[in-house]
file start27.txt (compact mmCIF, C-alpha atoms)
# COMPACT_ATOMS: atom_id res chain seq x y z
CA MET F 1 131.11 107.62 106.04
CA ILE F 2 127.59 108.84 105.25
CA GLN F 3 126.37 107.70 101.85
CA LEU F 4 123.80 109.60 99.83
CA TYR F 5 122.14 107.94 96.87
CA ASN F 6 120.91 110.92 94.97
CA TYR F 7 120.29 112.68 91.70
CA PHE F 8 121.74 116.08 90.91
CA ARG F 9 118.44 117.61 89.81
CA SER F 10 116.09 116.01 92.34
CA SER F 11 114.79 118.67 94.76
CA ALA F 12 114.64 116.22 97.65
CA SER F 13 118.27 115.17 97.03
CA TYR F 14 119.31 118.81 96.75
CA ARG F 15 117.70 119.61 100.12
CA VAL F 16 119.67 116.88 101.87
CA ARG F 17 122.92 117.96 100.19
CA ILE F 18 122.43 121.52 101.46
CA ALA F 19 121.74 120.26 104.99
CA LEU F 20 124.84 118.04 104.96
CA GLU F 21 126.96 120.95 103.72
CA LEU F 22 125.54 123.34 106.33
CA LYS F 23 126.27 120.77 109.06
CA GLY F 24 129.76 120.24 107.69
CA LEU F 25 129.19 116.50 107.30
CA SER F 26 131.09 114.87 104.47
CA PHE F 27 129.39 112.17 102.49
CA ASP F 28 129.89 109.74 99.67
CA TYR F 29 127.84 110.84 96.63
CA ILE F 30 126.29 107.87 94.84
CA PRO F 31 124.45 108.95 91.69
CA VAL F 32 121.11 107.43 90.71
CA HIS F 33 120.13 108.78 87.33
CA LEU F 34 116.35 109.23 87.24
CA THR F 35 115.93 109.46 83.48
CA ARG F 36 118.79 107.50 81.86
CA ASP F 37 118.02 103.95 80.66
CA GLY F 38 114.39 104.24 81.75
CA GLY F 39 115.46 105.36 85.24
CA GLU F 40 118.17 103.81 87.39
CA GLN F 41 115.87 104.10 90.42
CA PHE F 42 113.80 101.22 88.99
CA LYS F 43 116.75 98.83 88.64
CA PRO F 44 116.77 95.82 91.02
CA GLU F 45 120.09 96.93 92.59
CA TYR F 46 118.58 100.26 93.67
CA ARG F 47 115.21 98.75 94.63
CA LYS F 48 117.12 96.65 97.16
CA ILE F 49 118.37 99.86 98.75
CA ASN F 50 115.13 101.80 98.34
CA PRO F 51 112.00 99.85 97.31
CA ASP F 52 110.17 103.15 96.75
CA ALA F 53 112.40 103.88 93.73
CA LEU F 54 112.77 107.48 94.88
CA THR F 55 115.78 109.61 95.76
CA PRO F 56 117.47 110.37 98.04
CA THR F 57 118.40 107.36 100.18
CA PHE F 58 120.61 108.20 103.13
CA ILE F 59 122.89 105.66 104.81
CA SER F 60 124.21 106.73 108.19
CA ASP F 61 127.71 106.16 109.53
CA GLU F 62 126.28 103.11 111.30
CA GLY F 63 124.76 101.75 108.11
CA GLU F 64 121.17 102.70 108.99
CA ARG F 65 119.02 103.53 105.97
CA LEU F 66 116.67 106.51 105.84
CA THR F 67 114.35 107.92 103.20
CA GLN F 68 112.32 111.14 102.92
CA SER F 69 114.40 114.31 102.81
CA LEU F 70 112.74 116.06 105.76
CA ALA F 71 113.09 112.98 107.97
CA ILE F 72 116.79 112.83 107.05
CA ILE F 73 117.26 116.54 107.81
CA GLU F 74 115.49 116.21 111.20
CA TYR F 75 117.88 113.31 111.92
CA LEU F 76 120.92 115.44 111.02
CA GLU F 77 119.59 118.18 113.29
CA GLU F 78 119.33 115.70 116.16
CA ILE F 79 122.79 114.17 115.78
CA LYS F 80 124.55 117.49 115.05
CA PRO F 81 122.51 120.36 116.49
CA GLU F 82 124.89 123.11 115.37
CA PRO F 83 124.49 125.13 113.25
CA ALA F 84 120.77 124.90 114.04
CA LEU F 85 118.51 124.39 111.04
CA LEU F 86 115.50 124.61 113.36
CA PRO F 87 116.43 127.44 115.74
CA GLY F 88 114.26 129.32 118.22
CA THR F 89 111.35 128.39 120.44
CA ALA F 90 108.91 125.53 119.88
CA ILE F 91 106.48 127.87 118.12
CA GLU F 92 109.27 129.33 115.97
CA ARG F 93 110.50 125.86 114.99
CA ALA F 94 106.93 124.96 114.08
CA TYR F 95 106.69 128.08 111.92
CA ILE F 96 109.95 127.18 110.14
CA ARG F 97 108.71 123.60 109.63
CA SER F 98 105.41 124.93 108.28
CA ILE F 99 107.19 126.77 105.45
CA ALA F 100 109.33 123.72 104.69
CA LEU F 101 106.21 121.52 104.68
CA GLN F 102 104.21 123.95 102.57
CA ILE F 103 106.85 123.54 99.84
CA SER F 104 107.29 119.80 100.43
CA CYS F 105 103.58 118.94 100.66
CA GLU F 106 101.76 121.57 98.58
CA ILE F 107 104.12 122.31 95.69
CA HIS F 108 106.82 119.72 95.12
CA PRO F 109 104.71 116.49 95.21
CA LEU F 110 102.56 117.76 92.37
CA ASN F 111 105.51 118.56 90.16
CA ASN F 112 107.96 115.74 90.55
CA LEU F 113 109.01 113.49 87.71
CA ARG F 114 106.65 110.57 88.33
CA VAL F 115 103.62 112.89 88.46
CA LEU F 116 104.58 114.76 85.29
CA ASN F 117 105.12 111.36 83.62
CA TYR F 118 101.62 110.29 84.67
CA LEU F 119 100.16 113.46 83.14
CA THR F 120 101.92 113.08 79.80
CA GLY F 121 101.85 109.27 79.75
CA THR F 122 98.69 107.82 81.32
CA LEU F 123 96.61 110.97 80.80
CA SER F 124 98.17 111.86 77.41
CA LEU F 125 98.34 115.56 78.24
CA ASP F 126 100.39 117.72 75.90
CA ALA F 127 103.42 119.80 76.87
CA GLN F 128 101.31 122.95 77.23
CA HIS F 129 98.93 121.38 79.75
CA LYS F 130 101.87 119.93 81.65
CA SER F 131 103.55 123.36 81.88
CA THR F 132 100.31 124.99 82.98
CA TRP F 133 99.86 122.33 85.67
CA TYR F 134 103.44 122.80 86.84
CA ALA F 135 103.21 126.59 86.96
CA HIS F 136 99.82 126.50 88.71
CA TRP F 137 101.14 124.72 91.82
CA VAL F 138 104.32 126.76 91.98
CA GLU F 139 102.40 130.01 91.63
CA SER F 140 99.69 129.24 94.17
CA GLY F 141 102.28 127.99 96.68
CA PHE F 142 104.78 130.81 96.10
CA ALA F 143 102.09 133.51 96.24
CA SER F 144 101.11 132.28 99.68
CA ILE F 145 104.71 131.93 100.91
CA GLU F 146 105.64 135.36 99.52
CA GLN F 147 102.75 136.96 101.41
CA LYS F 148 103.67 135.08 104.58
CA LEU F 149 107.31 136.20 104.36
CA ASN F 150 106.29 139.80 103.69
CA ASP F 151 103.83 139.87 106.59
CA ASP F 152 105.97 138.11 109.18
CA LYS F 153 108.36 140.18 111.26
CA ARG F 154 110.56 137.10 111.76
CA THR F 155 111.63 137.23 108.10
CA GLY F 156 115.24 138.38 107.82
CA ILE F 157 118.02 137.72 105.35
CA PHE F 158 116.50 134.25 105.21
CA CYS F 159 112.97 132.89 105.71
CA PHE F 160 113.44 133.00 109.47
CA GLY F 161 116.04 135.43 110.77
CA ASP F 162 119.52 135.83 109.44
CA THR F 163 120.78 132.26 109.34
CA PRO F 164 119.55 129.55 106.98
CA THR F 165 116.96 127.09 108.27
CA VAL F 166 115.13 124.08 106.87
CA ALA F 167 112.69 126.54 105.27
CA ASP F 168 115.47 127.94 103.04
CA ILE F 169 116.73 124.40 102.43
CA CYS F 170 113.35 123.61 100.84
CA LEU F 171 112.88 126.99 99.17
CA VAL F 172 116.08 127.15 97.12
CA PRO F 173 115.64 123.76 95.34
CA GLN F 174 112.01 124.68 94.61
CA VAL F 175 113.13 127.96 93.01
CA PHE F 176 115.81 126.09 91.03
CA ASN F 177 113.17 123.65 89.80
CA ALA F 178 110.74 126.44 88.86
CA GLU F 179 113.47 128.31 86.99
CA ARG F 180 114.33 125.18 85.06
CA MET F 181 110.67 124.84 84.08
CA LYS F 182 110.66 128.53 83.08
CA VAL F 183 107.99 129.67 85.54
CA PRO F 184 108.20 133.49 85.79
CA LEU F 185 109.23 134.35 89.35
CA ASP F 186 109.28 138.16 89.34
CA HIS F 187 106.08 138.28 91.40
CA TYR F 188 107.97 136.83 94.37
CA PRO F 189 110.67 139.42 95.19
CA THR F 190 111.13 138.28 98.78
CA ILE F 191 111.46 134.62 97.80
CA MET F 192 114.01 135.63 95.16
CA ARG F 193 115.93 137.94 97.52
CA ILE F 194 116.23 135.09 100.05
CA THR F 195 117.24 132.62 97.35
CA THR F 196 119.95 134.97 96.09
CA ALA F 197 121.29 135.39 99.63
CA ALA F 198 121.28 131.64 100.22
CA ARG F 199 123.06 130.91 96.95
CA GLN F 200 125.92 133.10 98.11
CA LEU F 201 126.62 130.79 101.02
CA GLU F 202 129.22 128.14 100.32
CA ALA F 203 127.01 125.29 101.59
CA PHE F 204 124.21 126.15 99.17
CA ALA F 205 126.66 126.77 96.32
CA ARG F 206 128.35 123.39 96.81
CA ALA F 207 125.00 121.61 96.73
CA GLU F 208 123.96 123.19 93.40
CA PRO F 209 122.80 120.58 90.87
CA SER F 210 125.18 121.75 88.13
CA LEU F 211 128.19 121.04 90.34
CA GLN F 212 127.32 117.42 91.15
CA PRO F 213 129.28 114.52 89.68
CA ASP F 214 126.29 113.20 87.72
CA ALA F 215 125.36 116.57 86.17
CA PHE F 216 125.63 116.58 82.42
CA MET G 1 92.20 127.28 124.96
CA ILE G 2 93.66 125.78 121.77
CA GLN G 3 91.52 126.50 118.72
CA LEU G 4 91.45 124.26 115.68
CA TYR G 5 89.90 125.51 112.47
CA ASN G 6 89.21 122.27 110.69
CA TYR G 7 86.99 120.16 108.52
CA PHE G 8 85.68 116.78 109.62
CA ARG G 9 86.78 114.97 106.46
CA SER G 10 90.12 116.69 105.80
CA SER G 11 92.98 114.23 106.39
CA ALA G 12 95.29 116.95 107.66
CA SER G 13 92.64 118.14 110.15
CA TYR G 14 92.00 114.55 111.23
CA ARG G 15 95.74 114.00 111.93
CA VAL G 16 95.88 117.02 114.24
CA ARG G 17 92.68 115.95 116.05
CA ILE G 18 94.20 112.51 116.73
CA ALA G 19 97.41 114.09 118.05
CA LEU G 20 95.48 116.48 120.32
CA GLU G 21 93.41 113.57 121.66
CA LEU G 22 96.49 111.38 122.25
CA LYS G 23 98.16 114.25 124.11
CA GLY G 24 95.01 114.84 126.15
CA LEU G 25 94.81 118.47 125.05
CA SER G 26 91.33 119.91 124.82
CA PHE G 27 90.52 122.29 122.02
CA ASP G 28 87.83 124.43 120.56
CA TYR G 29 86.57 122.91 117.29
CA ILE G 30 85.84 125.60 114.70
CA PRO G 31 84.40 124.10 111.51
CA VAL G 32 85.44 125.32 108.06
CA HIS G 33 83.29 123.58 105.47
CA LEU G 34 85.43 122.91 102.40
CA THR G 35 82.62 122.26 99.94
CA ARG G 36 79.56 124.18 101.14
CA ASP G 37 78.81 127.54 99.46
CA GLY G 38 81.81 127.18 97.17
CA GLY G 39 84.12 126.49 100.13
CA GLU G 40 84.20 128.41 103.40
CA GLN G 41 88.02 128.31 103.26
CA PHE G 42 87.89 130.91 100.48
CA LYS G 43 85.78 133.39 102.44
CA PRO G 44 87.55 136.62 103.48
CA GLU G 45 86.99 135.85 107.21
CA TYR G 46 88.92 132.59 106.92
CA ARG G 47 91.54 134.01 104.56
CA LYS G 48 92.37 136.47 107.34
CA ILE G 49 93.15 133.52 109.60
CA ASN G 50 94.80 131.37 106.93
CA PRO G 51 95.63 133.02 103.58
CA ASP G 52 96.42 129.56 102.13
CA ALA G 53 92.70 128.67 102.31
CA LEU G 54 93.63 125.24 103.64
CA THR G 55 92.72 123.39 106.82
CA PRO G 56 93.67 122.97 109.59
CA THR G 57 94.71 126.21 111.24
CA PHE G 58 95.89 125.81 114.81
CA ILE G 59 95.81 128.63 117.34
CA SER G 60 97.88 128.00 120.45
CA ASP G 61 96.92 128.90 124.03
CA GLU G 62 99.02 132.03 123.56
CA GLY G 63 97.23 132.97 120.34
CA GLU G 64 100.06 131.91 118.01
CA ARG G 65 98.88 130.65 114.64
CA LEU G 66 100.29 127.55 112.95
CA THR G 67 99.54 125.73 109.71
CA GLN G 68 100.67 122.41 108.21
CA SER G 69 99.54 119.36 110.19
CA LEU G 70 103.00 117.84 110.71
CA ALA G 71 104.44 121.14 111.94
CA ILE G 72 101.54 121.41 114.39
CA ILE G 73 102.09 117.84 115.61
CA GLU G 74 105.85 118.42 116.06
CA TYR G 75 104.91 121.50 118.12
CA LEU G 76 102.54 119.47 120.30
CA GLU G 77 105.30 116.90 120.79
CA GLU G 78 107.66 119.64 121.96
CA ILE G 79 105.28 121.33 124.40
CA LYS G 80 103.86 118.05 125.78
CA PRO G 81 106.36 115.24 125.22
CA GLU G 82 104.22 112.52 126.83
CA PRO G 83 102.85 110.26 125.51
CA ALA G 84 105.61 110.36 122.89
CA LEU G 85 104.43 110.43 119.29
CA LEU G 86 108.09 110.29 118.18
CA PRO G 87 109.63 107.77 120.58
CA GLY G 88 113.00 106.04 120.44
CA THR G 89 116.44 107.06 119.23
CA ALA G 90 117.24 109.71 116.61
CA ILE G 91 117.32 107.07 113.88
CA GLU G 92 114.04 105.57 115.09
CA ARG G 93 112.36 108.95 115.15
CA ALA G 94 113.63 109.57 111.62
CA TYR G 95 112.17 106.22 110.54
CA ILE G 96 108.78 107.12 112.08
CA ARG G 97 108.89 110.54 110.41
CA SER G 98 109.75 108.92 107.08
CA ILE G 99 106.52 106.89 107.12
CA ALA G 100 104.50 109.95 108.11
CA LEU G 101 106.16 111.96 105.33
CA GLN G 102 105.72 109.23 102.76
CA ILE G 103 101.97 109.49 103.33
CA SER G 104 101.98 113.28 103.63
CA CYS G 105 104.26 113.97 100.63
CA GLU G 106 103.76 111.04 98.24
CA ILE G 107 100.07 110.13 98.60
CA HIS G 108 97.93 112.80 100.20
CA PRO G 109 99.03 115.90 98.20
CA LEU G 110 98.01 114.21 94.96
CA ASN G 111 94.56 113.35 96.21
CA ASN G 112 93.31 116.30 98.12
CA LEU G 113 90.29 118.31 97.15
CA ARG G 114 91.98 121.15 95.26
CA VAL G 115 93.96 118.71 93.09
CA LEU G 116 90.92 116.58 92.29
CA ASN G 117 89.07 119.80 91.44
CA TYR G 118 91.88 120.78 89.05
CA LEU G 119 91.64 117.40 87.31
CA THR G 120 87.89 117.53 86.82
CA GLY G 121 87.69 121.31 86.35
CA THR G 122 90.70 122.72 84.49
CA LEU G 123 91.65 119.43 82.82
CA SER G 124 88.02 118.29 82.26
CA LEU G 125 88.79 114.70 83.26
CA ASP G 126 85.80 112.43 83.82
CA ALA G 127 84.97 110.62 87.07
CA GLN G 128 86.65 107.41 85.88
CA HIS G 129 89.98 109.10 85.20
CA LYS G 130 89.76 110.90 88.52
CA SER G 131 89.18 107.60 90.38
CA THR G 132 92.05 105.92 88.54
CA TRP G 133 94.35 108.82 89.41
CA TYR G 134 93.27 108.69 93.04
CA ALA G 135 93.71 104.93 93.33
CA HIS G 136 97.08 105.01 91.55
CA TRP G 137 98.77 107.17 94.22
CA VAL G 138 97.17 105.34 97.11
CA GLU G 139 98.16 101.97 95.68
CA SER G 140 101.76 102.84 94.84
CA GLY G 141 102.26 104.48 98.24
CA PHE G 142 100.50 101.77 100.24
CA ALA G 143 102.31 98.93 98.42
CA SER G 144 105.61 100.48 99.46
CA ILE G 145 104.52 101.15 103.05
CA GLU G 146 103.03 97.64 103.37
CA GLN G 147 106.33 96.09 102.26
CA LYS G 148 108.29 98.34 104.62
CA LEU G 149 106.08 97.41 107.59
CA ASN G 150 106.31 93.71 106.74
CA ASP G 151 110.10 93.80 106.39
CA ASP G 152 110.88 95.91 109.43
CA LYS G 153 111.31 94.23 112.78
CA ARG G 154 110.28 97.45 114.54
CA THR G 155 106.68 97.01 113.33
CA GLY G 156 104.43 96.05 116.25
CA ILE G 157 100.78 96.59 117.05
CA PHE G 158 101.37 99.92 115.35
CA CYS G 159 103.74 101.15 112.62
CA PHE G 160 106.54 101.45 115.16
CA GLY G 161 106.23 99.29 118.27
CA ASP G 162 103.15 98.97 120.40
CA THR G 163 102.16 102.57 120.99
CA PRO G 164 100.79 104.95 118.37
CA THR G 165 103.20 107.40 116.72
CA VAL G 166 102.95 110.13 114.13
CA ALA G 167 103.18 107.39 111.48
CA ASP G 168 99.84 105.92 112.63
CA ILE G 169 98.43 109.44 112.94
CA CYS G 170 99.04 109.88 109.20
CA LEU G 171 98.12 106.32 108.21
CA VAL G 172 94.61 106.13 109.68
CA PRO G 173 93.25 109.28 107.95
CA GLN G 174 94.78 108.11 104.66
CA VAL G 175 93.00 104.73 105.02
CA PHE G 176 89.76 106.52 105.88
CA ASN G 177 90.13 108.67 102.79
CA ALA G 178 90.91 105.67 100.54
CA GLU G 179 87.91 103.76 101.91
CA ARG G 180 85.68 106.73 101.20
CA MET G 181 86.97 106.77 97.62
CA LYS G 182 86.34 102.99 97.42
CA VAL G 183 89.95 101.98 96.75
CA PRO G 184 90.24 98.21 97.46
CA LEU G 185 92.60 97.77 100.41
CA ASP G 186 92.77 93.97 100.84
CA HIS G 187 96.30 93.91 99.43
CA TYR G 188 97.56 95.77 102.49
CA PRO G 189 96.82 93.43 105.43
CA THR G 190 99.43 94.97 107.74
CA ILE G 191 98.23 98.51 107.07
CA MET G 192 94.67 97.37 107.76
CA ARG G 193 95.62 95.44 110.92
CA ILE G 194 97.35 98.54 112.30
CA THR G 195 94.44 100.78 111.31
CA THR G 196 91.97 98.46 113.05
CA ALA G 197 94.13 98.47 116.21
CA ALA G 198 94.40 102.26 116.14
CA ARG G 199 90.68 102.74 115.66
CA GLN G 200 90.09 100.84 118.89
CA LEU G 201 91.95 103.50 120.87
CA GLU G 202 89.73 106.19 122.32
CA ALA G 203 91.88 109.03 120.93
CA PHE G 204 91.55 107.78 117.36
CA ALA G 205 87.86 107.00 117.80
CA ARG G 206 87.10 110.49 119.12
CA ALA G 207 88.87 112.08 116.15
CA GLU G 208 86.83 110.08 113.56
CA PRO G 209 85.30 112.36 110.92
CA SER G 210 81.76 111.05 111.43
CA LEU G 211 81.79 112.16 115.07
CA GLN G 212 82.75 115.77 114.43
CA PRO G 213 80.27 118.62 114.90
CA ASP G 214 80.31 119.54 111.20
CA ALA G 215 79.75 115.98 109.92
CA PHE G 216 76.54 115.60 108.04
call {"tool": "encode", "arguments": {"input": "start27.txt", "output": "structure tokens"}}
result
Amino acid sequence: MIQLYNYFRSSASYRVRIALELKGLSFDYIPVHLTRDGGEQFKPEYRKINPDALTPTFISDEGERLTQSLAIIEYLEEIKPEPALLPGTAIERAYIRSIALQISCEIHPLNNLRVLNYLTGTLSLDAQHKSTWYAHWVESGFASIEQKLNDDKRTGIFCFGDTPTVADICLVPQVFNAERMKVPLDHYPTIMRITTAARQLEAFARAEPSLQPDAF
Amino acid sequence: MIQLYNYFRSSASYRVRIALELKGLSFDYIPVHLTRDGGEQFKPEYRKINPDALTPTFISDEGERLTQSLAIIEYLEEIKPEPALLPGTAIERAYIRSIALQISCEIHPLNNLRVLNYLTGTLSLDAQHKSTWYAHWVESGFASIEQKLNDDKRTGIFCFGDTPTVADICLVPQVFNAERMKVPLDHYPTIMRITTAARQLEAFARAEPSLQPDAF
């Protein structure tokens, strides 16, 4: 049985949950609470499983350990190609990956918990500066993705065509995260239309943070 | 002819140059100077090519445009599988990708030019705070990667075995960047041994920032 050490609200965990659900792979959900008791990810038991103290950690059926959500999703795509999360030609797959990476490399890393903690802790920034920082990276990234989706004829019900891909798998958790941080999203109608469509799929719905066993 | 809009010192540009050199694919180098005249990436001519105002932008032989260095490298791997930059089994490829992504998602996004500009501009941080921020993300990321490489029996001359992979393609530019920012790297002997080995390969040497046409 696949095991997933994860946290209900972590975007990277959420991405992997969606991919597992889309692939129809069942998994054992092992919660790692990132804020309780100073963070369970820092405890020696979890450090043994993942020295990076990040979520998610994926354990394959064969007991092989993997980290980094996009590496895990590429692995799932290789061992269970259908339904394809990276469909199309080489150039189309690269385009899909580029949207996933734009979210994963240009938005999310700047806004995850450890970075926000550095801003308010080490740099002593107040809540207002933290919110402005957070919104800045969401807005610059989403403005660019919105334009790309509007300009590209490959955009369909989802970011690429009419079936969900790894681009949507990254987009929906980023929207969830931005909503939670109260970033206004009405300037991104295409992003929001796609997110609404994705949320109606059972796989996305089942992966929703609020439905996870560790959600409070 | 492949075209690469890039900047000699940009880590993401440098990764794609190494991959192109390893694959033996020739390309037309089109410089985009990220700091001169307020940044050539912001000029309307470049925005037409890449609205994100980031480098690199890759134009395929067929005129297809791609962004995001790892998406471009995955594309190169698909159209020219040899020499393999993602060798091995599905789980091994996922492991290689996880190192590449750890650098690309956990270190580099926090330390690129636009983020450092936000710290010193919008947040008015001084040079000392900027350096501490920079070093913090390199050190936490490199400590984890160093431990991983030391613990993993798949580590060879390079991050995975004895031929360079996408992990090394991400590692070497990150080391270059950290050296330029004067982060002490003697705590990471395995990272430095691998970097030294990689730099001796012609493909890595040819992609070095100092040898590019826009280097000053």
call {"tool": "atom_distance", "arguments": {"input": "start27.txt", "atom1": "atom CA of F:Asn50", "atom2": "atom CA of G:Phe160"}}
result
18.9 Å
call {"tool": "interface_residues", "arguments": {"input": "start27.txt", "of": "chain F", "to": "chain G", "cutoff": "8 Å", "atoms": "only C-alpha atoms", "output": "ChimeraX atom specification"}}
result
/F:51-52,64,66-68,70-72,74-75,78-79,90-91,93-95,97-98,101-102,104-106,109-110,144
call {"tool": "atom_distance", "arguments": {"input": "start27.txt", "atom1": "atom CA of F:Leu85", "atom2": "atom CA of G:Ala19"}}
result
24.5 Å
call {"tool": "closest_atom_pairs", "arguments": {"input": "start27.txt", "of": "stretch 100-135 of chain G", "to": "stretch 175-193 of chain G", "cutoff": "9 Å", "atoms": "all atoms listed in the file", "output": "JSON lines"}}
result
{"residue": "G:Ser131", "atom": "CA", "partner": "G:Met181", "partner_atom": "CA", "distance": 7.6}
{"residue": "G:Tyr134", "atom": "CA", "partner": "G:Met181", "partner_atom": "CA", "distance": 8.0}
{"residue": "G:Ala135", "atom": "CA", "partner": "G:Val183", "partner_atom": "CA", "distance": 5.9}
call {"tool": "atom_distance", "arguments": {"input": "start27.txt", "atom1": "atom CA of F:Ile169", "atom2": "atom CA of G:Val138"}}
result
27.8 Å
call {"tool": "closest_residue", "arguments": {"input": "start27.txt", "among": "F:Tyr46, F:Glu208, F:Arg36, F:Arg199", "to": "F:Phe158", "atoms": "all atoms listed in the file"}}
result
F:Arg199
call {"tool": "residues_around", "arguments": {"input": "start27.txt", "residues": "F:Pro56", "least_positions_apart": "6", "cutoff": "6 Å", "atoms": "all atoms listed in the file", "output": "mmCIF file with C-alpha atoms, keeping the file's coordinate frame"}}
result
data_model
loop_
_atom_site.group_PDB
_atom_site.id
_atom_site.type_symbol
_atom_site.label_atom_id
_atom_site.label_comp_id
_atom_site.auth_asym_id
_atom_site.auth_seq_id
_atom_site.Cartn_x
_atom_site.Cartn_y
_atom_site.Cartn_z
ATOM 1 C CA TYR F 5 122.140 107.940 96.870
ATOM 2 C CA ASN F 6 120.910 110.920 94.970
ATOM 3 C CA SER F 13 118.270 115.170 97.030
#
call {"tool": "closest_residue", "arguments": {"input": "start27.txt", "among": "G:Val16, G:Ser26, G:Lys130, G:Leu4", "to": "G:Thr57", "atoms": "all atoms listed in the file"}}
result
G:Leu4
call {"tool": "closest_residue", "arguments": {"input": "start27.txt", "among": "G:Tyr14, G:Phe142, G:Phe216, G:Tyr7", "to": "G:Ile30", "atoms": "only C-alpha atoms"}}
result
G:Tyr7
call {"tool": "build_atoms", "arguments": {"input": "start27.txt", "residues": "stretch 89-94 of chain G", "atoms": "all heavy atoms", "output": "mmCIF file, in the frame of the given file"}}
result
data_model
loop_
_atom_site.group_PDB
_atom_site.id
_atom_site.type_symbol
_atom_site.label_atom_id
_atom_site.label_comp_id
_atom_site.auth_asym_id
_atom_site.auth_seq_id
_atom_site.Cartn_x
_atom_site.Cartn_y
_atom_site.Cartn_z
ATOM 1 N N THR G 89 115.181 106.371 119.503
ATOM 2 C CA THR G 89 116.440 107.060 119.230
ATOM 3 C C THR G 89 116.255 108.013 118.041
ATOM 4 O O THR G 89 115.213 107.994 117.383
ATOM 5 C CB THR G 89 117.510 106.035 118.825
ATOM 6 O OG1 THR G 89 117.078 105.411 117.605
ATOM 7 C CG2 THR G 89 117.703 104.954 119.896
ATOM 8 N N ALA G 90 117.300 108.785 117.754
ATOM 9 C CA ALA G 90 117.240 109.710 116.610
ATOM 10 C C ALA G 90 116.917 108.959 115.318
ATOM 11 O O ALA G 90 116.086 109.403 114.507
ATOM 12 C CB ALA G 90 118.548 110.476 116.482
ATOM 13 N N ILE G 91 117.553 107.807 115.131
ATOM 14 C CA ILE G 91 117.320 107.070 113.880
ATOM 15 C C ILE G 91 115.901 106.496 113.860
ATOM 16 O O ILE G 91 115.258 106.454 112.801
ATOM 17 C CB ILE G 91 118.405 105.971 113.661
ATOM 18 C CG1 ILE G 91 118.510 105.589 112.186
ATOM 19 C CG2 ILE G 91 118.145 104.720 114.481
ATOM 20 C CD1 ILE G 91 119.469 106.409 111.402
ATOM 21 N N GLU G 92 115.410 106.092 115.023
ATOM 22 C CA GLU G 92 114.040 105.570 115.090
ATOM 23 C C GLU G 92 113.020 106.669 114.831
ATOM 24 O O GLU G 92 112.036 106.471 114.108
ATOM 25 C CB GLU G 92 113.805 104.889 116.440
ATOM 26 C CG GLU G 92 114.565 103.561 116.545
ATOM 27 C CD GLU G 92 114.623 102.981 117.950
ATOM 28 O OE1 GLU G 92 114.402 103.714 118.928
ATOM 29 O OE2 GLU G 92 114.915 101.768 118.067
ATOM 30 N N ARG G 93 113.268 107.824 115.412
ATOM 31 C CA ARG G 93 112.360 108.950 115.150
ATOM 32 C C ARG G 93 112.359 109.310 113.667
ATOM 33 O O ARG G 93 111.323 109.625 113.096
ATOM 34 C CB ARG G 93 112.775 110.171 115.981
ATOM 35 C CG ARG G 93 112.235 110.154 117.389
ATOM 36 C CD ARG G 93 112.439 111.503 118.084
ATOM 37 N NE ARG G 93 113.841 111.772 118.316
ATOM 38 C CZ ARG G 93 114.552 111.262 119.321
ATOM 39 N NH1 ARG G 93 113.954 110.454 120.191
ATOM 40 N NH2 ARG G 93 115.817 111.540 119.455
ATOM 41 N N ALA G 94 113.547 109.255 113.060
ATOM 42 C CA ALA G 94 113.630 109.570 111.620
ATOM 43 C C ALA G 94 112.840 108.529 110.814
ATOM 44 O O ALA G 94 112.165 108.874 109.842
ATOM 45 C CB ALA G 94 115.076 109.607 111.178
#
